[in-house]
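Here is entry16.txt, consisting of compact mmCIF, N, CA, C and O atoms:
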```
# COMPACT_ATOMS: atom_id res chain seq x y z
N MET P 1 0.85 -1.19 0.00
CA MET P 1 0.00 0.00 0.00
C MET P 1 0.88 1.24 0.00
O MET P 1 1.87 1.32 0.72
N ALA P 2 0.53 2.21 -0.81
CA ALA P 2 1.32 3.44 -0.91
C ALA P 2 1.15 4.28 0.35
O ALA P 2 0.09 4.30 0.97
N GLU P 3 2.22 4.97 0.71
CA GLU P 3 2.14 5.83 1.88
C GLU P 3 1.32 7.07 1.57
O GLU P 3 1.27 7.52 0.42
N THR P 4 0.66 7.60 2.59
CA THR P 4 -0.10 8.82 2.42
C THR P 4 0.87 9.99 2.47
O THR P 4 1.65 10.11 3.40
N ILE P 5 0.82 10.82 1.46
CA ILE P 5 1.71 11.96 1.37
C ILE P 5 0.90 13.23 1.59
O ILE P 5 -0.12 13.45 0.94
N PHE P 6 1.36 14.04 2.54
CA PHE P 6 0.71 15.32 2.83
C PHE P 6 1.65 16.45 2.44
O PHE P 6 2.86 16.34 2.58
N THR P 7 1.07 17.53 1.96
CA THR P 7 1.82 18.74 1.65
C THR P 7 1.21 19.88 2.46
O THR P 7 0.00 20.13 2.36
N PRO P 8 2.01 20.58 3.25
CA PRO P 8 1.47 21.74 3.96
C PRO P 8 1.28 22.91 2.99
O PRO P 8 2.11 23.13 2.10
N VAL P 9 0.17 23.60 3.14
CA VAL P 9 -0.12 24.76 2.31
C VAL P 9 -0.38 25.94 3.23
O VAL P 9 -1.21 25.85 4.14
N GLU P 10 0.35 27.01 3.02
CA GLU P 10 0.15 28.22 3.80
C GLU P 10 -0.36 29.32 2.87
O GLU P 10 0.29 29.63 1.87
N PHE P 11 -1.51 29.87 3.21
CA PHE P 11 -2.13 30.91 2.40
C PHE P 11 -1.62 32.29 2.81
O PHE P 11 -1.32 32.52 3.97
N GLU P 12 -1.57 33.21 1.85
CA GLU P 12 -1.22 34.59 2.17
C GLU P 12 -2.32 35.25 2.98
O GLU P 12 -2.06 35.93 3.95
N GLU P 13 -3.56 35.08 2.53
CA GLU P 13 -4.69 35.72 3.19
C GLU P 13 -5.58 34.72 3.92
O GLU P 13 -6.15 35.04 4.95
N GLY P 14 -5.75 33.54 3.37
CA GLY P 14 -6.61 32.54 3.97
C GLY P 14 -8.08 32.90 3.84
O GLY P 14 -8.47 33.71 3.00
N PHE P 15 -8.88 32.30 4.71
CA PHE P 15 -10.32 32.57 4.71
C PHE P 15 -10.84 32.45 6.12
O PHE P 15 -10.17 31.90 7.00
N LYS P 16 -12.01 32.97 6.36
CA LYS P 16 -12.62 32.96 7.68
C LYS P 16 -13.65 31.85 7.74
O LYS P 16 -14.45 31.68 6.84
N ARG P 17 -13.60 31.09 8.83
CA ARG P 17 -14.60 30.06 9.09
C ARG P 17 -15.09 30.31 10.51
O ARG P 17 -14.39 30.01 11.46
N GLY P 18 -16.28 30.87 10.59
CA GLY P 18 -16.79 31.27 11.90
C GLY P 18 -15.90 32.35 12.48
O GLY P 18 -15.66 33.37 11.86
N GLU P 19 -15.37 32.11 13.66
CA GLU P 19 -14.47 33.07 14.31
C GLU P 19 -13.01 32.84 13.94
O GLU P 19 -12.16 33.66 14.23
N GLU P 20 -12.74 31.71 13.30
CA GLU P 20 -11.37 31.30 13.03
C GLU P 20 -10.88 31.76 11.65
O GLU P 20 -11.59 31.66 10.66
N ASP P 21 -9.64 32.24 11.62
CA ASP P 21 -8.97 32.54 10.36
C ASP P 21 -8.15 31.31 9.98
O ASP P 21 -7.27 30.90 10.73
N VAL P 22 -8.44 30.73 8.83
CA VAL P 22 -7.71 29.55 8.36
C VAL P 22 -6.65 30.01 7.38
O VAL P 22 -6.97 30.57 6.33
N VAL P 23 -5.39 29.81 7.74
CA VAL P 23 -4.28 30.23 6.88
C VAL P 23 -3.35 29.07 6.53
O VAL P 23 -2.45 29.23 5.72
N LYS P 24 -3.57 27.89 7.15
CA LYS P 24 -2.75 26.71 6.86
C LYS P 24 -3.65 25.50 6.75
O LYS P 24 -4.58 25.33 7.53
N VAL P 25 -3.35 24.66 5.77
CA VAL P 25 -4.05 23.38 5.62
C VAL P 25 -3.02 22.34 5.18
O VAL P 25 -1.92 22.67 4.77
N GLN P 26 -3.42 21.09 5.27
CA GLN P 26 -2.63 19.99 4.74
C GLN P 26 -3.40 19.43 3.54
O GLN P 26 -4.61 19.25 3.61
N VAL P 27 -2.69 19.18 2.47
CA VAL P 27 -3.29 18.58 1.28
C VAL P 27 -2.66 17.20 1.13
O VAL P 27 -1.44 17.06 1.23
N ARG P 28 -3.48 16.18 0.91
CA ARG P 28 -2.94 14.83 0.73
C ARG P 28 -3.19 14.34 -0.68
O ARG P 28 -4.09 14.81 -1.36
N ARG P 29 -2.36 13.40 -1.09
CA ARG P 29 -2.49 12.82 -2.42
C ARG P 29 -3.86 12.17 -2.54
O ARG P 29 -4.25 11.36 -1.72
N PRO P 30 -4.61 12.51 -3.60
CA PRO P 30 -5.93 11.88 -3.77
C PRO P 30 -5.80 10.44 -4.22
O PRO P 30 -4.88 10.09 -4.97
N ALA P 31 -6.73 9.63 -3.76
CA ALA P 31 -6.85 8.26 -4.27
C ALA P 31 -7.66 8.32 -5.56
O ALA P 31 -8.38 9.30 -5.81
N ALA P 32 -7.56 7.30 -6.38
CA ALA P 32 -8.25 7.30 -7.67
C ALA P 32 -9.75 7.54 -7.52
O ALA P 32 -10.35 8.28 -8.30
N GLY P 33 -10.37 6.95 -6.51
CA GLY P 33 -11.81 7.12 -6.31
C GLY P 33 -12.21 8.54 -5.98
O GLY P 33 -13.34 8.95 -6.24
N GLU P 34 -11.29 9.31 -5.41
CA GLU P 34 -11.59 10.70 -5.07
C GLU P 34 -11.58 11.60 -6.30
O GLU P 34 -12.01 12.76 -6.24
N LEU P 35 -11.14 11.06 -7.41
CA LEU P 35 -11.14 11.82 -8.67
C LEU P 35 -12.42 11.60 -9.46
O LEU P 35 -12.60 12.17 -10.53
N ARG P 36 -13.32 10.78 -8.90
CA ARG P 36 -14.58 10.46 -9.58
C ARG P 36 -15.32 11.75 -9.95
O ARG P 36 -15.47 12.66 -9.16
N GLY P 37 -15.76 11.79 -11.19
CA GLY P 37 -16.53 12.94 -11.66
C GLY P 37 -15.67 14.12 -12.08
O GLY P 37 -16.20 15.18 -12.43
N LEU P 38 -14.36 13.96 -12.03
CA LEU P 38 -13.46 15.05 -12.39
C LEU P 38 -12.58 14.65 -13.56
O LEU P 38 -12.24 13.48 -13.71
N ALA P 39 -12.20 15.60 -14.36
CA ALA P 39 -11.24 15.36 -15.43
C ALA P 39 -9.86 15.75 -14.91
O ALA P 39 -9.67 16.86 -14.43
N VAL P 40 -8.92 14.82 -14.98
CA VAL P 40 -7.58 15.08 -14.47
C VAL P 40 -6.98 16.30 -15.15
O VAL P 40 -6.32 17.12 -14.50
N LEU P 41 -7.22 16.46 -16.43
CA LEU P 41 -6.69 17.62 -17.14
C LEU P 41 -7.22 18.92 -16.54
O LEU P 41 -6.48 19.90 -16.41
N ASP P 42 -8.48 18.94 -16.12
CA ASP P 42 -9.04 20.14 -15.48
C ASP P 42 -8.34 20.44 -14.15
O ASP P 42 -8.13 21.60 -13.80
N ILE P 43 -7.98 19.38 -13.41
CA ILE P 43 -7.26 19.58 -12.15
C ILE P 43 -5.87 20.14 -12.45
O ILE P 43 -5.43 21.09 -11.80
N LEU P 44 -5.20 19.57 -13.42
CA LEU P 44 -3.85 20.02 -13.77
C LEU P 44 -3.85 21.46 -14.29
O LEU P 44 -2.89 22.20 -14.06
N ARG P 45 -4.92 21.84 -14.99
CA ARG P 45 -5.04 23.22 -15.48
C ARG P 45 -5.57 24.15 -14.40
O ARG P 45 -5.72 25.33 -14.63
N GLN P 46 -5.85 23.60 -13.23
CA GLN P 46 -6.36 24.34 -12.08
C GLN P 46 -7.67 25.05 -12.41
O GLN P 46 -7.89 26.19 -12.00
N GLU P 47 -8.53 24.34 -13.13
CA GLU P 47 -9.87 24.86 -13.40
C GLU P 47 -10.61 24.98 -12.08
O GLU P 47 -10.59 24.07 -11.26
N TYR P 48 -11.27 26.11 -11.88
CA TYR P 48 -11.91 26.40 -10.60
C TYR P 48 -12.85 25.28 -10.16
O TYR P 48 -12.76 24.80 -9.02
N ALA P 49 -13.75 24.86 -11.03
CA ALA P 49 -14.76 23.86 -10.65
C ALA P 49 -14.12 22.55 -10.19
O ALA P 49 -14.57 21.93 -9.22
N ALA P 50 -13.05 22.13 -10.86
CA ALA P 50 -12.39 20.88 -10.51
C ALA P 50 -11.67 21.00 -9.16
O ALA P 50 -11.78 20.10 -8.31
N VAL P 51 -10.96 22.09 -8.94
CA VAL P 51 -10.26 22.29 -7.67
C VAL P 51 -11.26 22.42 -6.53
O VAL P 51 -11.09 21.83 -5.46
N ALA P 52 -12.35 23.17 -6.75
CA ALA P 52 -13.36 23.35 -5.71
C ALA P 52 -14.03 22.04 -5.33
O ALA P 52 -14.37 21.81 -4.17
N LYS P 53 -14.22 21.16 -6.31
CA LYS P 53 -14.86 19.87 -6.03
C LYS P 53 -13.90 18.89 -5.35
O LYS P 53 -14.30 18.09 -4.50
N LEU P 54 -12.62 18.94 -5.71
CA LEU P 54 -11.64 18.02 -5.15
C LEU P 54 -11.15 18.46 -3.77
O LEU P 54 -10.87 17.61 -2.92
N ALA P 55 -11.06 19.75 -3.52
CA ALA P 55 -10.49 20.24 -2.27
C ALA P 55 -11.12 19.63 -1.01
O ALA P 55 -10.38 19.22 -0.12
N PRO P 56 -12.45 19.54 -0.91
CA PRO P 56 -13.01 18.95 0.31
C PRO P 56 -12.62 17.48 0.52
O PRO P 56 -12.65 16.98 1.64
N ARG P 57 -12.24 16.83 -0.53
CA ARG P 57 -11.90 15.40 -0.46
C ARG P 57 -10.47 15.16 0.01
O ARG P 57 -10.14 14.06 0.44
N VAL P 58 -9.59 16.18 -0.10
CA VAL P 58 -8.16 15.95 0.14
C VAL P 58 -7.51 16.94 1.10
O VAL P 58 -6.29 16.95 1.21
N THR P 59 -8.26 17.76 1.79
CA THR P 59 -7.66 18.76 2.68
C THR P 59 -8.02 18.51 4.13
O THR P 59 -9.08 17.98 4.45
N MET P 60 -7.10 18.93 5.02
CA MET P 60 -7.32 18.88 6.46
C MET P 60 -6.77 20.17 7.05
O MET P 60 -5.58 20.43 6.85
N PRO P 61 -7.55 20.98 7.73
CA PRO P 61 -8.99 20.80 7.87
C PRO P 61 -9.66 20.87 6.50
O PRO P 61 -9.10 21.43 5.56
N VAL P 62 -10.84 20.31 6.44
CA VAL P 62 -11.57 20.24 5.17
C VAL P 62 -11.87 21.66 4.68
O VAL P 62 -12.39 22.49 5.42
N ILE P 63 -11.52 21.91 3.43
CA ILE P 63 -11.87 23.18 2.77
C ILE P 63 -13.11 22.90 1.94
O ILE P 63 -13.07 22.07 1.03
N THR P 64 -14.20 23.56 2.23
CA THR P 64 -15.44 23.36 1.50
C THR P 64 -15.40 24.14 0.18
O THR P 64 -14.53 24.99 -0.03
N GLU P 65 -16.37 23.85 -0.67
CA GLU P 65 -16.46 24.61 -1.93
C GLU P 65 -16.66 26.09 -1.64
O GLU P 65 -16.12 26.95 -2.35
N ALA P 66 -17.42 26.41 -0.59
CA ALA P 66 -17.62 27.82 -0.20
C ALA P 66 -16.31 28.45 0.26
O ALA P 66 -16.04 29.63 -0.03
N ASP P 67 -15.48 27.68 0.96
CA ASP P 67 -14.17 28.19 1.38
C ASP P 67 -13.29 28.48 0.18
O ASP P 67 -12.59 29.49 0.14
N VAL P 68 -13.32 27.60 -0.81
CA VAL P 68 -12.53 27.81 -2.03
C VAL P 68 -12.98 29.10 -2.71
O VAL P 68 -12.17 29.89 -3.15
N ALA P 69 -14.28 29.33 -2.73
CA ALA P 69 -14.81 30.55 -3.36
C ALA P 69 -14.33 31.80 -2.63
O ALA P 69 -14.21 32.87 -3.24
N ALA P 70 -14.02 31.68 -1.34
CA ALA P 70 -13.59 32.84 -0.55
C ALA P 70 -12.09 33.10 -0.65
O ALA P 70 -11.62 34.13 -0.16
N LEU P 71 -11.35 32.20 -1.27
CA LEU P 71 -9.90 32.39 -1.38
C LEU P 71 -9.55 33.52 -2.34
O LEU P 71 -10.24 33.75 -3.34
N SER P 72 -8.46 34.19 -2.06
CA SER P 72 -7.93 35.18 -3.00
C SER P 72 -7.39 34.42 -4.21
O SER P 72 -7.11 33.22 -4.13
N PRO P 73 -7.21 35.09 -5.34
CA PRO P 73 -6.64 34.41 -6.51
C PRO P 73 -5.28 33.78 -6.22
O PRO P 73 -5.01 32.66 -6.65
N ALA P 74 -4.43 34.47 -5.47
CA ALA P 74 -3.11 33.92 -5.15
C ALA P 74 -3.24 32.66 -4.29
O ALA P 74 -2.54 31.67 -4.51
N ASP P 75 -4.13 32.69 -3.30
CA ASP P 75 -4.33 31.52 -2.45
C ASP P 75 -4.96 30.37 -3.23
O ASP P 75 -4.62 29.21 -3.00
N PHE P 76 -5.85 30.68 -4.15
CA PHE P 76 -6.45 29.63 -4.99
C PHE P 76 -5.36 28.94 -5.81
O PHE P 76 -5.33 27.72 -5.92
N MET P 77 -4.45 29.72 -6.39
CA MET P 77 -3.38 29.14 -7.19
C MET P 77 -2.43 28.31 -6.32
O MET P 77 -1.93 27.28 -6.75
N THR P 78 -2.20 28.75 -5.08
CA THR P 78 -1.36 27.99 -4.16
C THR P 78 -2.00 26.63 -3.87
O THR P 78 -1.32 25.59 -3.91
N LEU P 79 -3.30 26.62 -3.60
CA LEU P 79 -4.01 25.37 -3.34
C LEU P 79 -4.00 24.48 -4.58
O LEU P 79 -3.68 23.29 -4.52
N GLY P 80 -4.34 25.06 -5.73
CA GLY P 80 -4.38 24.29 -6.97
C GLY P 80 -3.03 23.70 -7.33
O GLY P 80 -2.93 22.55 -7.77
N SER P 81 -1.97 24.44 -7.11
CA SER P 81 -0.62 23.94 -7.39
C SER P 81 -0.25 22.79 -6.48
O SER P 81 0.36 21.81 -6.92
N ALA P 82 -0.61 22.89 -5.20
CA ALA P 82 -0.32 21.81 -4.26
C ALA P 82 -1.04 20.53 -4.67
O ALA P 82 -0.47 19.44 -4.59
N ILE P 83 -2.28 20.66 -5.11
CA ILE P 83 -3.03 19.49 -5.56
C ILE P 83 -2.42 18.93 -6.84
O ILE P 83 -2.21 17.72 -6.97
N ALA P 84 -2.12 19.79 -7.80
CA ALA P 84 -1.57 19.34 -9.09
C ALA P 84 -0.22 18.66 -8.92
O ALA P 84 0.10 17.73 -9.68
N ASP P 85 0.56 19.06 -7.93
CA ASP P 85 1.88 18.46 -7.71
C ASP P 85 1.80 16.96 -7.45
O ASP P 85 2.73 16.23 -7.73
N PHE P 86 0.67 16.48 -6.91
CA PHE P 86 0.53 15.07 -6.62
C PHE P 86 0.43 14.21 -7.88
O PHE P 86 0.52 12.99 -7.80
N PHE P 87 0.25 14.82 -9.02
CA PHE P 87 0.15 14.08 -10.26
C PHE P 87 1.52 13.86 -10.90
O PHE P 87 1.62 13.23 -11.94
N MET P 88 2.55 14.35 -10.25
CA MET P 88 3.92 14.12 -10.71
C MET P 88 4.42 12.82 -10.10
O MET P 88 4.03 12.45 -8.99
N SER P 89 5.30 12.14 -10.80
CA SER P 89 5.90 10.92 -10.24
C SER P 89 6.82 11.31 -9.08
O SER P 89 7.24 12.46 -8.95
N ARG P 90 7.12 10.33 -8.27
CA ARG P 90 8.03 10.56 -7.12
C ARG P 90 9.38 11.10 -7.60
O ARG P 90 9.93 12.04 -7.02
N GLN P 91 9.90 10.54 -8.70
CA GLN P 91 11.19 10.98 -9.21
C GLN P 91 11.11 12.43 -9.68
O GLN P 91 12.02 13.22 -9.43
N ALA P 92 10.03 12.80 -10.35
CA ALA P 92 9.87 14.17 -10.82
C ALA P 92 9.73 15.14 -9.65
O ALA P 92 10.27 16.25 -9.67
N ARG P 93 8.99 14.71 -8.61
CA ARG P 93 8.84 15.56 -7.41
C ARG P 93 10.19 15.77 -6.74
O ARG P 93 10.51 16.89 -6.34
N GLU P 94 10.99 14.73 -6.61
CA GLU P 94 12.29 14.84 -5.98
C GLU P 94 13.22 15.72 -6.82
O GLU P 94 13.96 16.55 -6.28
N ALA P 95 13.17 15.55 -8.13
CA ALA P 95 14.01 16.37 -9.01
C ALA P 95 13.63 17.85 -8.92
O ALA P 95 14.49 18.71 -9.03
N ALA P 96 12.33 18.11 -8.71
CA ALA P 96 11.86 19.49 -8.60
C ALA P 96 11.99 20.03 -7.18
O ALA P 96 11.68 21.19 -6.93
N GLY P 97 12.42 19.18 -6.25
CA GLY P 97 12.58 19.62 -4.87
C GLY P 97 11.28 19.73 -4.12
O GLY P 97 11.16 20.49 -3.16
N LEU P 98 10.26 18.96 -4.52
CA LEU P 98 8.96 19.01 -3.85
C LEU P 98 8.79 17.88 -2.86
O LEU P 98 9.33 16.86 -2.94
```
If you convert what's in this file into structure tokens, what do you get?
Amino acid sequence: MAETIFTPVEFEEGFKRGEEDVVKVQVRRPAAGELRGLAVLDILRQEYAAVAKLAPRVTMPVITEADVAALSPADFMTLGSAIADFFMSRQAREAAGL
């Protein structure tokens, strides 16, 4: 069984959830079943709808679709990049220093 890989993500602005400001999350590598209903190419292109649908499945604390909508453009790109990085092979990630 493959090990679960988490990537810490720190947002510049983050988002508000109740009284709490969320500025850090962990993103984990999605399992194949968590990609159900999504086009991998849309995730790699960081299409909003694909990232917003996948984020609740792979983040801790869970980022809801509403939370994704509240992100600044820079924070959205940070989240999308962290998710897209999991589609690289281990060798490519190591070569890129990820």
Discussion item. Need the shell around Lys24 in chain P: protein/DNA/RNA residues with any atom at most 8 Å away, counting only C-alpha atoms. Skip same-chain ones fewer than 6 positions apart. Format as a ChimeraX atom specification?
Written reply: /P:8-11,14
Discussion item. Show me the residues around (-3.5, 12.2, -4.1) - criterion: an atom at most 7 Å away, only N, CA, C and O atoms counted - as a list in words.
Written reply: Ile5, Arg28, Arg29, Pro30, Ala31, Ala32, Ile83, Phe86 and Phe87 of chain P
Practice prompt. Find the distance between CA of Gly97 in chain P and CA of Phe15 in chain P and write it in Å to one decimal.
Written response: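 Interatomic distance here is 28.0 Å.
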Practice prompt. Check the smallest atom-to-atom distance from each of P:Leu54, P:Asp21, P:Val27, P:Ala96 to Thr4 in chain P using only N, CA, C and O atoms, then report the winner.
Written response: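 The answer is P:Val27, which sits nearest to Thr4 in chain P.
Proximity to Asp67 in chain P was assessed for P:Val40, P:Ala84, P:Ala52, P:Leu35 counting all atoms listed in the file; the smallest distance is recorded for P:Ala52.
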